[in-house]
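Participant: Supplied in structure tokens, the structure appears directly below.
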Amino acid sequence: MSKSLPSGLAAHYAQPATALCQCLEVIRTDGQALRVTNAQRDLVVAGQTYRAEPGLDVGDVVATAGFAVDNLTLTVIPDDTAGASRVTRADLLAGRWTGATFRLFECAWSDPTHGVNTLRTGTVGEVQLARGSFVVELRGLKQALQQPVGDMTSRTCRARLGDARCTVDLAPWTHAGTVSASAGAQQFTASALAEPADYYVEGEVAFTSGANAGLSRKVKAYTAGKVFTLALPLPAAIAIGDAFTAVAGCQKRHDVDCRDKFGNLLNFQGEPHLPGIDALTSPAEADVSGG
């Protein structure tokens, strides 16, 4: 498929010498945007300001035929002074940029009104730490073709607690708490809670105050001593007095969770009694009853 370029930019491409630059726009799921350019000065393109950011470097743009995913990498030096349109270390570690959409385009820095040539669009993937900077993966639109479609049989439930297939109302299973003791960024105690051990395992904790306000983590373990262990550490240490809400966990088991804990057996989305491969491939047994 041929690409149609704005007439002004096409004319610029035809010049013996060009003044081209790349611009990148990344928009998080909460609407916050990052707009940068590798030009030597800030540019205004279609009414939006793209900052000349020396701490950013976009990898080579490579196109491939077929269904292979076209990936780019973006090297980010975080600016922890925060503020609008800034990438901070805390935001990257918290995953706030994961799943954001991006658009990479080319324009003439000498006259951005010539129009733009879109090079890539897609979503932000994995973020890796590399010697004080972060390497961000920019995935092309063909990434969606790599995702599985449809369900496979499983002994455990394939629904997520509270979703349309599960139908459990999460309100009665959500409890507010306050941190009474902390062991860093991944473990804390909430002594005022009354729920028994394992009640919150595979559930979710969302902090509503403190340095981690607005962030949530899955619960890896919950003991009778009211100690939570999170599956992944938070970007900031958990402090005594931090408020949170915790949703009961479902380990997706047929009897223990769906039937006994939530009373939701009719909506169980698994096949716990389906014969396994051993039963299906085992040889037939001879009838020795004499009947």
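Convention: chains lettered A, B, ... in structure tokens order; per-chain residue numbering from 1; ligands numbered from 1 as shown.
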Write down as number ranges by chain the residues of segment 138-267 of chain A whose backbone DSSP state falls under strand (DSSP E or B).
Facilitator: A: 138-140, 174-178, 181-182, 187-189, 204-207, 216-222, 227-230, 243-247
Participant: Could you write those residues out with C-alpha atoms, as a PDB file, in the first residue's frame?
Facilitator:
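Writing the result to out_34.pdb gives the following:
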ATOM      1  CA  LEU A 138       7.742   0.484  21.615  1.00  0.00           C
ATOM      2  CA  ARG A 139       5.626  -2.231  20.016  1.00  0.00           C
ATOM      3  CA  GLY A 140       4.004  -1.905  16.604  1.00  0.00           C
ATOM      4  CA  THR A 174     -13.403  -5.118  49.650  1.00  0.00           C
ATOM      5  CA  HIS A 175     -12.024  -3.919  52.985  1.00  0.00           C
ATOM      6  CA  ALA A 176     -10.295  -0.708  54.041  1.00  0.00           C
ATOM      7  CA  GLY A 177      -7.181  -0.878  56.177  1.00  0.00           C
ATOM      8  CA  THR A 178      -4.246   1.074  57.555  1.00  0.00           C
ATOM      9  CA  ALA A 181       3.943  -1.964  60.550  1.00  0.00           C
ATOM     10  CA  SER A 182       6.141  -2.038  57.463  1.00  0.00           C
ATOM     11  CA  GLN A 187       5.599  -6.399  52.978  1.00  0.00           C
ATOM     12  CA  PHE A 188       3.464  -4.732  55.631  1.00  0.00           C
ATOM     13  CA  THR A 189       1.094  -5.473  58.495  1.00  0.00           C
ATOM     14  CA  GLU A 204      -5.296  -6.873  45.196  1.00  0.00           C
ATOM     15  CA  VAL A 205      -4.185  -4.066  47.476  1.00  0.00           C
ATOM     16  CA  ALA A 206      -4.640  -0.462  46.296  1.00  0.00           C
ATOM     17  CA  PHE A 207      -3.059   2.343  48.305  1.00  0.00           C
ATOM     18  CA  SER A 216      -1.998  -1.349  43.371  1.00  0.00           C
ATOM     19  CA  ARG A 217      -0.307  -4.738  43.640  1.00  0.00           C
ATOM     20  CA  LYS A 218      -1.400  -8.368  43.681  1.00  0.00           C
ATOM     21  CA  VAL A 219      -1.136 -10.132  47.047  1.00  0.00           C
ATOM     22  CA  LYS A 220       1.311 -13.036  47.104  1.00  0.00           C
ATOM     23  CA  ALA A 221       0.745 -14.107  50.717  1.00  0.00           C
ATOM     24  CA  TYR A 222      -1.418 -13.152  53.688  1.00  0.00           C
ATOM     25  CA  VAL A 227       0.929  -9.631  57.238  1.00  0.00           C
ATOM     26  CA  PHE A 228       0.648  -8.886  53.527  1.00  0.00           C
ATOM     27  CA  THR A 229       3.397  -9.873  51.079  1.00  0.00           C
ATOM     28  CA  LEU A 230       2.955  -8.295  47.667  1.00  0.00           C
ATOM     29  CA  ALA A 243      -4.317   3.759  53.963  1.00  0.00           C
ATOM     30  CA  PHE A 244      -5.360   1.101  51.470  1.00  0.00           C
ATOM     31  CA  THR A 245      -8.214  -1.041  50.243  1.00  0.00           C
ATOM     32  CA  ALA A 246      -7.807  -4.790  49.880  1.00  0.00           C
ATOM     33  CA  VAL A 247      -9.968  -7.073  47.734  1.00  0.00           C
TER      34      VAL A 247
END
Participant: Find the residues around Asp111 of chain A up to 10 Å (only C-alpha atoms counted), leave out those fewer than 2 positions away in its own chain, and share them as a ChimeraX atom specification.
Facilitator: /A:8-9,12,19-20,43-45,107-109,113-115
Participant: Based on the selection just made, write C-alpha atoms of those residues as a PDB file, in the first residue's frame.
Facilitator:
ATOM      1  CA  GLY A   8       4.599  20.471   1.441  1.00  0.00           C
ATOM      2  CA  LEU A   9       6.557  17.648   3.072  1.00  0.00           C
ATOM      3  CA  HIS A  12      10.773  19.117   1.064  1.00  0.00           C
ATOM      4  CA  ALA A  19      16.075  19.580   7.455  1.00  0.00           C
ATOM      5  CA  LEU A  20      14.267  16.565   8.906  1.00  0.00           C
ATOM      6  CA  LEU A  43       8.913  22.487  17.808  1.00  0.00           C
ATOM      7  CA  VAL A  44       5.215  23.253  17.604  1.00  0.00           C
ATOM      8  CA  VAL A  45       3.516  20.649  15.402  1.00  0.00           C
ATOM      9  CA  CYS A 107       8.736  16.387   9.872  1.00  0.00           C
ATOM     10  CA  ALA A 108      10.828  19.308   8.630  1.00  0.00           C
ATOM     11  CA  TRP A 109      12.171  21.164  11.641  1.00  0.00           C
ATOM     12  CA  THR A 113       3.678  23.346   8.861  1.00  0.00           C
ATOM     13  CA  HIS A 114       4.724  21.234   5.853  1.00  0.00           C
ATOM     14  CA  GLY A 115       3.004  18.299   7.583  1.00  0.00           C
TER      15      GLY A 115
END
Participant: My list of candidates is A:Pro283, A:Asn267, A:Tyr50, A:Ala192. Which is closest to Asp163 of chain A when distances are computed with only C-alpha atoms?
Facilitator: A:Asn267
Participant: Can you pull out the residues contacting Leu265 of chain A? Cut-off 9 Å, using only C-alpha atoms, and skip same-chain residues under 5 positions away; I want them as a ChimeraX atom specification.
Facilitator: /A:254-255,257-260
Participant: Nearest to Ala224 of chain A among A:Val116, A:Phe262, A:Thr18, A:Leu193, with distances taken over only C-alpha atoms: which residue is it?
Facilitator: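 Residue with the minimum atom-to-atom distance to Ala224 of chain A: A:Leu193.
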Participant: Find the spatial neighbours of Ala164 of chain A, counting only C-alpha atoms, within a cut-off of 12 Å - ignore same-chain residues fewer than 5 positions away - and output them as number ranges by chain.
Facilitator: A: 158-159, 169-170, 267-269
Participant: With N, CA, C and O atoms retained, write the just-selected residues as a compact mmCIF listing (two decimals), in the first residue's frame.
Facilitator:
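Result file selection.txt:
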# COMPACT_ATOMS: atom_id res chain seq x y z
N ARG A 158 -11.12 -19.54 34.49
CA ARG A 158 -10.48 -18.60 33.58
C ARG A 158 -11.01 -17.18 33.74
O ARG A 158 -10.49 -16.25 33.13
N ALA A 159 -12.03 -17.01 34.55
CA ALA A 159 -12.58 -15.67 34.77
C ALA A 159 -11.74 -14.93 35.80
O ALA A 159 -10.99 -15.52 36.57
N ASP A 169 -20.06 -9.62 43.07
CA ASP A 169 -20.02 -8.21 43.46
C ASP A 169 -18.85 -8.02 44.42
O ASP A 169 -18.82 -8.61 45.51
N LEU A 170 -17.88 -7.20 44.05
CA LEU A 170 -16.67 -7.06 44.85
C LEU A 170 -16.86 -6.17 46.08
O LEU A 170 -16.02 -6.20 46.98
N ASN A 267 -21.12 -20.12 38.11
CA ASN A 267 -20.37 -19.29 37.17
C ASN A 267 -18.90 -19.69 37.07
O ASN A 267 -18.09 -18.93 36.53
N PHE A 268 -18.55 -20.87 37.56
CA PHE A 268 -17.17 -21.34 37.47
C PHE A 268 -16.79 -21.54 36.01
O PHE A 268 -17.49 -22.24 35.26
N GLN A 269 -15.69 -20.93 35.59
CA GLN A 269 -15.29 -20.95 34.19
C GLN A 269 -14.10 -21.89 33.96
O GLN A 269 -13.09 -21.53 33.38
Participant: Work out how far atom CA of Val201 of chain A is from atom CA of Ile238 of chain A, in Å to one decimal.
Facilitator: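 Separation between atom CA of Ile238 of chain A and atom CA of Val201 of chain A: 18.9 Å.
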Participant: Extract, using only C-alpha atoms, all DNA, RNA and protein residues at most 6 Å from segment 117-126 of chain A, discarding same-chain residues fewer than 3 positions from it, and format them as a list in words.
Facilitator: Thr98, Gly99, Ala100, Thr101, Phe102, Arg103, Leu104, Phe105, Glu106, Glu137, Leu138, Arg139, Gly140 and Leu141 of chain A
Participant: Could you pull the residues within 8 Å of Glu271 of chain A, counting only C-alpha atoms, minus those fewer than 6 positions along the same chain, as a compact mmCIF listing (two decimals) with C-alpha atoms, in the first residue's frame?
Facilitator:
# COMPACT_ATOMS: atom_id res chain seq x y z
CA THR A 153 -9.73 -25.78 28.73
CA SER A 154 -8.34 -25.61 32.26
CA ARG A 155 -9.02 -27.15 35.63
CA THR A 156 -8.97 -23.72 37.27
CA CYS A 157 -11.34 -20.85 36.54
Participant: Mind giving me the straight-line distance from atom CA of Tyr199 of chain A to atom CA of Val168 of chain A in Å, one decimal?
Facilitator: 15.7 Å
Participant: Based on the backbone DSSP call, show me all residues of segment 26-259 of chain A assigned alpha helix (DSSP H), as a list of chain:residue names.
Facilitator: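 Going through segment 26-259 of chain A, the alpha helix (DSSP H) residues come out as A:Arg89, A:Ala90, A:Asp91, A:Leu92, A:Leu93, A:Ala94.
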Participant: Can you tell me how far atom CA of Ser282 of chain A sits from atom CA of Met152 of chain A, in Å to one decimal?
Facilitator: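 Atom CA of Met152 of chain A lies 22.4 Å from atom CA of Ser282 of chain A.
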Participant: Go through A:Ala14, A:Leu234, A:Val36, A:Ala197 and flag the residue nearest Leu92 of chain A, using only C-alpha atoms for the distances.
Facilitator: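 That would be A:Leu234, the residue with the smallest distance to Leu92 of chain A.
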